[in-house]
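Participant: Just so it is clear, I am handing over entry_27.txt, which has compact mmCIF, C-alpha atoms.
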```
# COMPACT_ATOMS: atom_id res chain seq x y z
CA MET K 1 -19.33 2.12 42.47
CA GLY K 2 -16.38 3.06 40.23
CA SER K 3 -14.59 -0.26 40.89
CA SER K 4 -17.67 -2.27 39.85
CA ARG K 5 -17.96 -0.40 36.54
CA TYR K 6 -14.31 -0.95 35.59
CA PRO K 7 -14.41 -4.78 35.17
CA VAL K 8 -17.55 -4.46 33.04
CA ARG K 9 -15.96 -1.78 30.84
CA ALA K 10 -12.72 -3.78 30.50
CA SER K 11 -14.68 -6.89 29.51
CA LEU K 12 -16.55 -4.94 26.85
CA LEU K 13 -13.27 -3.58 25.44
CA VAL K 14 -11.63 -7.01 25.29
CA GLY K 15 -14.75 -8.58 23.80
CA ALA K 16 -14.98 -5.90 21.12
CA LEU K 17 -11.32 -6.35 20.19
CA LEU K 18 -11.67 -10.11 19.94
CA LEU K 19 -14.78 -9.68 17.81
CA ALA K 20 -12.88 -7.29 15.52
CA SER K 21 -9.98 -9.73 15.16
CA VAL K 22 -12.07 -12.82 14.33
CA TYR K 23 -15.25 -11.78 12.58
CA THR K 24 -14.70 -8.37 11.05
CA VAL K 25 -12.32 -6.28 9.02
CA GLN K 26 -10.28 -3.77 11.01
CA SER K 27 -9.04 -0.28 10.46
CA ALA K 28 -5.73 -0.57 8.60
CA PRO K 29 -3.20 1.49 6.63
CA ASN K 30 -4.21 2.56 3.14
CA THR K 31 -0.71 2.78 1.61
CA PHE K 32 0.97 -0.35 3.04
CA ASN K 33 0.41 -3.56 5.01
CA THR K 34 -0.74 -4.25 8.58
CA ALA K 35 0.26 -6.90 11.14
CA LEU K 36 -3.35 -7.67 12.11
CA PRO K 37 -4.26 -11.26 11.19
CA VAL K 38 -6.69 -12.72 8.69
CA ALA K 39 -8.67 -15.32 10.66
CA GLU K 40 -8.06 -18.97 9.80
CA GLY K 41 -10.21 -20.00 6.83
CA GLN K 42 -11.25 -16.39 6.15
CA TYR K 43 -10.71 -14.44 2.92
CA LEU K 44 -9.93 -10.75 2.59
CA TRP K 45 -10.74 -9.04 -0.72
CA ARG K 46 -9.44 -5.57 -1.53
CA GLU K 47 -9.77 -3.26 -4.54
CA GLN K 48 -7.89 0.02 -4.76
CA LEU K 49 -8.02 2.62 -7.53
CA VAL K 50 -4.75 4.54 -7.86
CA LEU K 51 -4.36 7.85 -9.70
CA ARG K 52 -0.71 8.93 -9.86
CA GLU K 53 0.90 12.00 -11.43
CA ARG K 54 4.68 12.29 -11.91
CA SER K 55 6.90 14.83 -13.63
CA ASP K 56 10.49 16.02 -13.97
CA ASN K 57 12.23 19.37 -14.36
CA GLY K 58 14.52 18.34 -17.21
CA PRO K 59 14.63 19.64 -20.78
CA MET K 60 12.22 16.93 -21.95
CA ASP K 61 9.62 18.11 -19.38
CA ARG K 62 8.19 14.62 -18.89
CA ASP K 63 4.72 14.13 -17.38
CA VAL K 64 3.55 10.60 -16.52
CA SER K 65 -0.07 9.87 -15.58
CA VAL K 66 -1.16 6.48 -14.26
CA GLN K 67 -4.69 5.16 -13.67
CA ALA K 68 -4.56 1.68 -12.18
CA LEU K 69 -6.57 -0.82 -10.15
CA GLY K 70 -4.93 -3.09 -7.59
CA SER K 71 -6.83 -6.30 -6.77
CA VAL K 72 -5.80 -8.20 -3.64
CA LEU K 73 -7.03 -11.53 -2.28
CA GLY K 74 -5.80 -12.76 1.10
CA TYR K 75 -6.45 -16.05 2.89
CA GLY K 76 -5.88 -17.04 6.51
CA VAL K 77 -4.03 -20.38 6.33
CA THR K 78 -3.75 -20.52 10.13
CA SER K 79 -4.38 -18.04 12.92
CA LYS K 80 -0.80 -16.78 12.39
CA LEU K 81 -0.11 -17.26 8.66
CA ALA K 82 -1.87 -15.38 5.87
CA VAL K 83 -1.05 -15.46 2.14
CA PHE K 84 -1.89 -12.78 -0.41
CA GLY K 85 -1.99 -12.31 -4.16
CA VAL K 86 -1.86 -8.86 -5.82
CA VAL K 87 -2.91 -8.30 -9.45
CA PRO K 88 -2.42 -4.76 -10.87
CA TYR K 89 -4.30 -3.59 -13.94
CA PHE K 90 -3.38 -0.35 -15.70
CA PHE K 91 -6.28 1.39 -17.39
CA ASN K 92 -3.79 3.87 -18.80
CA LYS K 93 -0.13 4.81 -18.46
CA GLU K 94 0.49 8.02 -20.38
CA LEU K 95 3.69 9.93 -21.09
CA ASP K 96 3.78 13.51 -22.38
CA VAL K 97 7.26 14.56 -23.45
CA THR K 98 8.95 17.35 -25.38
CA THR K 99 10.98 16.23 -28.41
CA PRO K 100 12.61 17.98 -31.40
CA MET K 101 9.32 17.23 -33.20
CA GLY K 102 7.33 19.00 -30.48
CA ARG K 103 5.19 17.74 -27.66
CA ILE K 104 4.14 14.09 -28.10
CA GLU K 105 1.94 11.69 -26.15
CA ARG K 106 2.53 7.96 -25.73
CA ASN K 107 0.42 5.51 -23.71
CA THR K 108 -0.26 1.89 -22.92
CA GLY K 109 -2.30 -0.29 -20.55
CA GLY K 110 -2.95 -3.85 -19.42
CA PHE K 111 -2.08 -6.20 -16.59
CA GLY K 112 1.08 -5.59 -14.60
CA ASP K 113 3.44 -7.83 -12.62
CA ILE K 114 1.64 -10.11 -10.13
CA SER K 115 2.92 -10.35 -6.54
CA LEU K 116 2.52 -13.22 -4.07
CA PHE K 117 3.53 -12.87 -0.42
CA GLY K 118 3.05 -14.34 3.01
CA ARG K 119 2.72 -12.68 6.41
CA TYR K 120 3.37 -14.56 9.67
CA THR K 121 2.49 -13.31 13.16
CA LEU K 122 5.77 -13.84 14.99
CA TYR K 123 4.78 -12.09 18.22
CA LYS K 124 1.53 -10.97 19.78
CA LYS K 125 0.64 -9.47 23.13
CA ASP K 126 -2.93 -8.75 24.19
CA PHE K 127 -3.62 -6.14 26.86
CA THR K 128 -6.84 -4.90 28.42
CA GLY K 129 -8.51 -3.15 25.50
CA SER K 130 -5.54 -3.33 23.11
CA THR K 131 -3.25 -5.67 21.17
CA PHE K 132 0.29 -5.51 19.76
CA ARG K 133 1.62 -7.68 16.91
CA ILE K 134 4.82 -8.14 14.90
CA ALA K 135 4.71 -9.96 11.55
CA PRO K 136 7.49 -10.60 9.01
CA VAL K 137 6.50 -10.36 5.33
CA PHE K 138 8.20 -12.12 2.39
CA GLY K 139 7.18 -12.29 -1.24
CA LEU K 140 7.94 -12.41 -4.96
CA THR K 141 6.82 -10.37 -7.95
CA ALA K 142 6.51 -12.34 -11.21
CA PRO K 143 7.18 -10.82 -14.68
CA THR K 144 3.59 -11.11 -15.94
CA GLY K 145 3.31 -7.55 -17.27
CA ASP K 146 4.40 -6.42 -20.74
CA ASP K 147 7.99 -5.14 -20.81
CA ASN K 148 8.38 -4.58 -24.58
CA ASP K 149 5.17 -2.85 -25.62
CA ARG K 150 5.43 -0.61 -28.70
CA ASP K 151 3.54 2.15 -30.43
CA ARG K 152 3.93 3.95 -33.79
CA LEU K 153 7.19 5.52 -32.56
CA GLY K 154 8.78 2.24 -31.51
CA GLU K 155 9.35 0.55 -28.16
CA LEU K 156 7.92 2.44 -25.22
CA PRO K 157 10.31 3.78 -22.57
CA ARG K 158 10.79 1.85 -19.32
CA PRO K 159 8.57 4.04 -17.08
CA LEU K 160 5.63 3.37 -19.43
CA GLN K 161 5.85 -0.43 -19.57
CA THR K 162 3.36 -2.34 -17.41
CA GLY K 163 6.06 -4.81 -16.30
CA ASP K 164 9.83 -4.91 -15.82
CA GLY K 165 10.42 -8.41 -17.27
CA ALA K 166 12.24 -9.68 -14.15
CA TRP K 167 11.57 -11.64 -10.98
CA ASP K 168 11.70 -9.36 -7.94
CA GLY K 169 11.88 -10.30 -4.27
CA PHE K 170 10.84 -8.33 -1.20
CA GLY K 171 10.78 -8.79 2.55
CA GLY K 172 10.43 -6.89 5.78
CA VAL K 173 8.46 -6.59 8.97
CA VAL K 174 5.20 -4.89 9.96
CA THR K 175 4.01 -3.97 13.45
CA THR K 176 0.58 -2.98 14.73
CA TYR K 177 -0.68 -1.58 18.03
CA GLN K 178 -4.48 -1.44 18.12
CA THR K 179 -6.97 -0.07 20.63
CA LEU K 180 -10.65 0.79 20.26
CA GLN K 181 -9.78 4.49 19.94
CA TYR K 182 -6.78 4.38 17.61
CA GLN K 183 -4.29 2.17 15.77
CA VAL K 184 -0.61 2.66 14.93
CA ASP K 185 1.14 0.64 12.20
CA GLY K 186 4.73 0.57 10.99
CA GLN K 187 6.53 -1.19 8.16
CA LEU K 188 10.16 -1.61 7.13
CA LEU K 189 10.42 -3.22 3.67
CA TYR K 190 13.22 -3.91 1.19
CA ARG K 191 12.67 -4.82 -2.47
CA GLU K 192 15.41 -6.30 -4.64
CA ASN K 193 14.61 -5.96 -8.34
CA GLY K 194 15.92 -8.48 -10.85
CA ARG K 195 17.59 -7.85 -14.20
CA HIS K 196 16.07 -8.46 -17.63
CA ASP K 197 17.41 -7.58 -21.06
CA GLY K 198 20.24 -5.54 -19.55
CA PHE K 199 17.98 -3.45 -17.29
CA ALA K 200 17.14 -3.56 -13.59
CA ARG K 201 15.04 -1.09 -11.64
CA GLY K 202 16.83 0.32 -8.63
CA ASP K 203 16.35 -1.60 -5.39
CA GLU K 204 13.97 0.06 -2.94
CA THR K 205 13.92 0.54 0.83
CA ARG K 206 10.87 2.03 2.52
CA PHE K 207 9.78 2.96 6.03
CA ASP K 208 6.05 3.51 6.49
CA THR K 209 3.98 4.58 9.49
CA SER K 210 0.25 5.12 9.93
CA LEU K 211 -2.09 6.49 12.58
CA GLN K 212 -5.81 5.72 12.37
CA TYR K 213 -7.88 7.60 14.96
CA ARG K 214 -11.61 7.00 15.52
CA ILE K 215 -13.53 10.24 15.07
CA TRP K 216 -17.07 8.73 15.04
CA PRO K 217 -18.62 7.66 17.29
CA ARG K 218 -16.59 9.83 19.65
CA SER K 219 -17.37 7.53 22.59
CA MET K 220 -18.17 3.82 22.85
CA LYS K 221 -20.38 4.45 25.88
CA GLY K 222 -23.90 3.21 25.20
CA VAL K 223 -23.04 1.98 21.66
CA PRO K 224 -24.75 -1.41 21.17
CA GLY K 225 -23.62 -4.42 19.14
CA SER K 226 -20.99 -4.03 16.38
CA PRO K 227 -21.40 -0.47 15.12
CA SER K 228 -19.72 1.21 12.18
CA PHE K 229 -16.80 3.58 12.68
CA ILE K 230 -15.15 6.49 10.88
CA TYR K 231 -11.40 6.87 11.25
CA ALA K 232 -9.14 9.77 10.31
CA LEU K 233 -5.84 8.61 8.80
CA LEU K 234 -2.39 10.15 8.60
CA GLU K 235 0.29 8.06 6.94
CA SER K 236 3.97 8.70 6.29
CA ASN K 237 6.06 6.99 3.59
CA VAL K 238 9.84 7.43 3.35
CA ILE K 239 11.11 5.69 0.21
CA HIS K 240 14.68 5.38 -1.07
CA ARG K 241 15.37 3.99 -4.55
CA GLU K 242 18.78 3.16 -5.97
CA ARG K 243 19.64 4.20 -9.52
CA ASP K 244 18.35 1.99 -12.33
CA GLU K 245 21.01 -0.29 -13.81
CA LEU K 246 21.69 -0.30 -17.54
CA ARG K 247 24.02 -2.36 -19.69
CA SER K 248 26.48 0.53 -19.73
CA GLY K 249 26.25 1.30 -16.00
CA THR K 250 23.57 3.24 -14.17
CA ASP K 251 20.95 5.79 -15.19
CA ALA K 252 21.99 9.17 -13.74
CA ASP K 253 18.38 10.41 -13.99
CA SER K 254 16.86 7.80 -11.69
CA GLY K 255 16.66 6.96 -8.02
CA GLY K 256 16.64 9.12 -4.92
CA THR K 257 14.72 9.62 -1.70
CA GLN K 258 11.27 11.02 -1.03
CA TRP K 259 8.98 11.57 1.94
CA LEU K 260 5.22 11.46 1.38
CA LEU K 261 2.40 12.32 3.79
CA ALA K 262 -1.08 10.89 3.21
CA PRO K 263 -4.15 12.25 5.04
CA GLY K 264 -7.35 10.26 4.55
CA LEU K 265 -10.58 8.76 5.89
CA GLN K 266 -11.90 5.24 6.49
CA TYR K 267 -15.43 3.98 7.04
CA VAL K 268 -15.27 0.65 8.87
CA SER K 269 -18.25 -1.67 9.32
CA ARG K 270 -18.53 -5.33 10.37
CA ARG K 271 -17.50 -6.67 6.96
CA TRP K 272 -16.47 -3.63 4.90
CA ILE K 273 -13.92 -0.84 4.80
CA VAL K 274 -14.31 2.09 2.38
CA GLU K 275 -11.24 4.32 2.35
CA GLY K 276 -9.34 7.06 0.59
CA THR K 277 -6.05 8.95 0.94
CA VAL K 278 -4.04 11.55 -0.97
CA GLN K 279 -0.25 11.11 -0.86
CA LEU K 280 1.61 14.40 -1.15
CA PRO K 281 5.40 14.96 -1.32
CA VAL K 282 6.89 16.74 1.69
CA ALA K 283 10.57 16.38 0.79
CA GLU K 284 12.31 14.94 -2.27
CA ASP K 285 15.96 14.40 -3.16
CA PHE K 286 16.14 12.73 -6.57
CA ASN K 287 19.13 12.11 -8.81
CA GLY K 288 19.42 14.27 -11.92
CA ASP K 289 16.12 14.66 -13.77
CA ALA K 290 14.43 11.59 -12.26
CA LEU K 291 10.65 11.51 -12.28
CA GLU K 292 9.10 12.92 -9.08
CA ASP K 293 5.65 12.31 -7.62
CA ASP K 294 3.25 15.26 -7.76
CA TYR K 295 0.47 13.38 -5.94
CA ILE K 296 -1.05 9.90 -5.55
CA VAL K 297 -4.77 9.38 -4.90
CA ARG K 298 -5.87 6.01 -3.47
CA VAL K 299 -9.57 5.12 -3.17
CA GLY K 300 -10.95 1.66 -2.53
CA PHE K 301 -12.68 -0.89 -0.35
CA ARG K 302 -12.00 -4.14 1.54
CA ARG K 303 -14.32 -6.97 2.44
CA SER K 304 -13.85 -10.11 4.54
CA PHE K 305 -15.79 -13.33 4.00
```
Just dump the structure as structure tokens.

Facilitator:
Amino acid sequence: MGSSRYPVRASLLVGALLLASVYTVQSAPNTFNTALPVAEGQYLWREQLVLRERSDNGPMDRDVSVQALGSVLGYGVTSKLAVFGVVPYFFNKELDVTTPMGRIERNTGGFGDISLFGRYTLYKKDFTGSTFRIAPVFGLTAPTGDDNDRDRLGELPRPLQTGDGAWDGFGGVVTTYQTLQYQVDGQLLYRENGRHDGFARGDETRFDTSLQYRIWPRSMKGVPGSPSFIYALLESNVIHRERDELRSGTDADSGGTQWLLAPGLQYVSRRWIVEGTVQLPVAEDFNGDALEDDYIVRVGFRRSF
């Protein structure tokens, strides 16, 4: 009796995974990329609202608040190759700082630097009820944002500009292991930032991991068709940034290493994902009085069509 049930159960698991890969969106990390494919000829649309608070402990007591929207459109060129475009829009970037004249506030907004990148499935292995994939990622960020915006006090400082004025390149690799119960993703990414007008942001290396675990329905037994799911997320982001480069050398109050943890939730249906996470610093080792993250809230949705 048990042996006759097992082939049926295995077939249902494989069928559900294939259905998820071809016709639906899948559970995926909220703070970085995934190796799961975009089906050939299919589009993936994503919007993510980001609320970020940063501060430092220096004499200027800087506080930086960012409210931004990231718009992403992906397209499956083949079953292995997908291309993506990312357009950031800043509703507001605000700096509060202490000066000899007292506490002042400066702000700006507008479109940021647009990124284009490709992701290619280099290796895939399908098991009974699970799949594993490895996909390199390579891309460019174009200087489409404003890097010389001004207010009544003059040119805004670098952290407040919506762009850095330079062409930046990035590349790395993402991996995904997916089952019907959970999914594990990992990413290793390096970003090399270009120079413009004597300034270059410090290059960045990051290592990201994510676990998405299905908490509803608790069991697939007796669940018909293509149901909706709720996943609990826990993501880890280790990010190292080099010091910013200036004409005269490097900025002593920039760069460093931080480790962020991001708990969150995802609601996954046949065509939609609604998701949210809160990134919180666990450990930070910054240079001088560099700006540090207090928290980052990410809320958004994805849709395939």

Participant: I'd like to know which of K:Ala28, K:Arg103, K:Tyr267, K:Ile134 is closest to Gln183 (chain K), using only C-alpha atoms.

Facilitator: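 For Gln183 (chain K), the nearest of the candidates is K:Ala28.
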
Participant: To test the calculation: enclose all listed atoms of region 235-248 of chain K in a box whose edges run along x, y and z, add 8 Å on each side, then state centre and edge lengths in Å to one decimal, as JSON.

Facilitator:
```
{"center_x": 13.4, "center_y": 3.2, "center_z": -6.4, "size_x": 42.2, "size_y": 27.1, "size_z": 42.7}
```

Participant: Please identify all polymer residues lying at most 10 Å from the point (8.2, 8.3, -17.7) (file coordinates), using all atoms listed in the file, and present the result as JSON, numbers by chain.

Facilitator: {"K": [54, 55, 56, 62, 63, 64, 65, 93, 94, 95, 96, 97, 106, 156, 157, 158, 159, 160, 161, 290, 291, 292]}

Participant: How would the residues just chosen look if you wrote them out with C-alpha atoms as a PDB file, in the frame of the given file?

Facilitator:
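Saved to out_38.pdb:
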```pdb
ATOM      1  CA  ARG K  54       4.680  12.290 -11.910  1.00  0.00           C
ATOM      2  CA  SER K  55       6.900  14.830 -13.630  1.00  0.00           C
ATOM      3  CA  ASP K  56      10.490  16.020 -13.970  1.00  0.00           C
ATOM      4  CA  ARG K  62       8.190  14.620 -18.890  1.00  0.00           C
ATOM      5  CA  ASP K  63       4.720  14.130 -17.380  1.00  0.00           C
ATOM      6  CA  VAL K  64       3.550  10.600 -16.520  1.00  0.00           C
ATOM      7  CA  SER K  65      -0.070   9.870 -15.580  1.00  0.00           C
ATOM      8  CA  LYS K  93      -0.130   4.810 -18.460  1.00  0.00           C
ATOM      9  CA  GLU K  94       0.490   8.020 -20.380  1.00  0.00           C
ATOM     10  CA  LEU K  95       3.690   9.930 -21.090  1.00  0.00           C
ATOM     11  CA  ASP K  96       3.780  13.510 -22.380  1.00  0.00           C
ATOM     12  CA  VAL K  97       7.260  14.560 -23.450  1.00  0.00           C
ATOM     13  CA  ARG K 106       2.530   7.960 -25.730  1.00  0.00           C
ATOM     14  CA  LEU K 156       7.920   2.440 -25.220  1.00  0.00           C
ATOM     15  CA  PRO K 157      10.310   3.780 -22.570  1.00  0.00           C
ATOM     16  CA  ARG K 158      10.790   1.850 -19.320  1.00  0.00           C
ATOM     17  CA  PRO K 159       8.570   4.040 -17.080  1.00  0.00           C
ATOM     18  CA  LEU K 160       5.630   3.370 -19.430  1.00  0.00           C
ATOM     19  CA  GLN K 161       5.850  -0.430 -19.570  1.00  0.00           C
ATOM     20  CA  ALA K 290      14.430  11.590 -12.260  1.00  0.00           C
ATOM     21  CA  LEU K 291      10.650  11.510 -12.280  1.00  0.00           C
ATOM     22  CA  GLU K 292       9.100  12.920  -9.080  1.00  0.00           C
TER      23      GLU K 292
END
```

Participant: Point out the residue among K:Asp126, K:Asp208, K:Asp293, K:Asp113 with the least atom-to-atom distance to Val174 (chain K), counting all atoms listed in the file.

Facilitator: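 That would be K:Asp208, the residue with the smallest distance to Val174 (chain K).
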
Participant: Step by step: start from the point (4.5, -9.0, -11.4) in the file's coordinates, keep every protein, DNA or RNA residue that has an atom no farther than 12 Å from it, count only C-alpha atoms, and write the set as a PDB file with C-alpha atoms, in the coordinates of the input.

Facilitator:
```
ATOM      1  CA  GLY K  70      -4.930  -3.090  -7.590  1.00  0.00           C
ATOM      2  CA  GLY K  85      -1.990 -12.310  -4.160  1.00  0.00           C
ATOM      3  CA  VAL K  86      -1.860  -8.860  -5.820  1.00  0.00           C
ATOM      4  CA  VAL K  87      -2.910  -8.300  -9.450  1.00  0.00           C
ATOM      5  CA  PRO K  88      -2.420  -4.760 -10.870  1.00  0.00           C
ATOM      6  CA  TYR K  89      -4.300  -3.590 -13.940  1.00  0.00           C
ATOM      7  CA  PHE K 111      -2.080  -6.200 -16.590  1.00  0.00           C
ATOM      8  CA  GLY K 112       1.080  -5.590 -14.600  1.00  0.00           C
ATOM      9  CA  ASP K 113       3.440  -7.830 -12.620  1.00  0.00           C
ATOM     10  CA  ILE K 114       1.640 -10.110 -10.130  1.00  0.00           C
ATOM     11  CA  SER K 115       2.920 -10.350  -6.540  1.00  0.00           C
ATOM     12  CA  LEU K 116       2.520 -13.220  -4.070  1.00  0.00           C
ATOM     13  CA  PHE K 117       3.530 -12.870  -0.420  1.00  0.00           C
ATOM     14  CA  GLY K 139       7.180 -12.290  -1.240  1.00  0.00           C
ATOM     15  CA  LEU K 140       7.940 -12.410  -4.960  1.00  0.00           C
ATOM     16  CA  THR K 141       6.820 -10.370  -7.950  1.00  0.00           C
ATOM     17  CA  ALA K 142       6.510 -12.340 -11.210  1.00  0.00           C
ATOM     18  CA  PRO K 143       7.180 -10.820 -14.680  1.00  0.00           C
ATOM     19  CA  THR K 144       3.590 -11.110 -15.940  1.00  0.00           C
ATOM     20  CA  GLY K 145       3.310  -7.550 -17.270  1.00  0.00           C
ATOM     21  CA  ASP K 146       4.400  -6.420 -20.740  1.00  0.00           C
ATOM     22  CA  ASP K 147       7.990  -5.140 -20.810  1.00  0.00           C
ATOM     23  CA  GLN K 161       5.850  -0.430 -19.570  1.00  0.00           C
ATOM     24  CA  THR K 162       3.360  -2.340 -17.410  1.00  0.00           C
ATOM     25  CA  GLY K 163       6.060  -4.810 -16.300  1.00  0.00           C
ATOM     26  CA  ASP K 164       9.830  -4.910 -15.820  1.00  0.00           C
ATOM     27  CA  GLY K 165      10.420  -8.410 -17.270  1.00  0.00           C
ATOM     28  CA  ALA K 166      12.240  -9.680 -14.150  1.00  0.00           C
ATOM     29  CA  TRP K 167      11.570 -11.640 -10.980  1.00  0.00           C
ATOM     30  CA  ASP K 168      11.700  -9.360  -7.940  1.00  0.00           C
ATOM     31  CA  GLY K 169      11.880 -10.300  -4.270  1.00  0.00           C
ATOM     32  CA  ASN K 193      14.610  -5.960  -8.340  1.00  0.00           C
ATOM     33  CA  GLY K 194      15.920  -8.480 -10.850  1.00  0.00           C
TER      34      GLY K 194
END
```

Participant: Could you give me, as a PyMOL selection string, the residues within 10 Å of Pro263 (chain K), counting only C-alpha atoms and dropping anything in the same chain fewer than 4 positions from it?

Facilitator: chain K and resi 30+210-212+232-236+276-280

Participant: For Ile230 (chain K), which residue among K:Gly256, K:Tyr120, K:Ser27, K:Asp285 is the nearest when counting only C-alpha atoms?

Facilitator: K:Ser27

Participant: Between K:Phe286, K:Tyr123, K:Pro227, K:Ile273, which residue has the minimum interatomic distance to Trp45 (chain K), considering only C-alpha atoms?

Facilitator: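 Of the candidates, the smallest distance to Trp45 (chain K) is held by K:Ile273.
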
Participant: What separation in Å, quoted to one decimal, exists between CA of Gln178 (chain K) and CA of Val137 (chain K)?

Facilitator: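 Pair CA of Gln178 (chain K) / CA of Val137 (chain K) returns 19.1 Å.
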
Participant: Between CA of Ala283 (chain K) and CA of Phe32 (chain K), measure the distance and give it in Å to one decimal.

Facilitator: 19.4 Å

Participant: When you look at region 247-255 of chain K with a cut-off of 6 Å (counting only C-alpha atoms), what residues show up, excluding the ones that are within fewer than 3 positions of it in the same chain? I need them as a PyMOL selection string.

Facilitator: chain K and resi 198+241-244+286-290

Participant: Considering all atoms listed in the file, can you say which of K:Thr257, K:Gln67, K:Gln187, K:Thr78 comes closest to Thr121 (chain K)?

Facilitator: K:Thr78

Participant: Select, from K:Ala135, K:Leu44, K:Val274, K:Leu189, the residue with the minimum atom-to-atom distance to Val299 (chain K), counting all atoms listed in the file.

Facilitator: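 Distance minimum relative to Val299 (chain K) lands on K:Val274.
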
Participant: I'd like the interatomic distance between CA of Pro281 (chain K) and CA of Arg201 (chain K), to a tenth of an Å.

Facilitator: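 Computing the Euclidean distance for CA of Pro281 (chain K) and CA of Arg201 (chain K) yields 21.4 Å.
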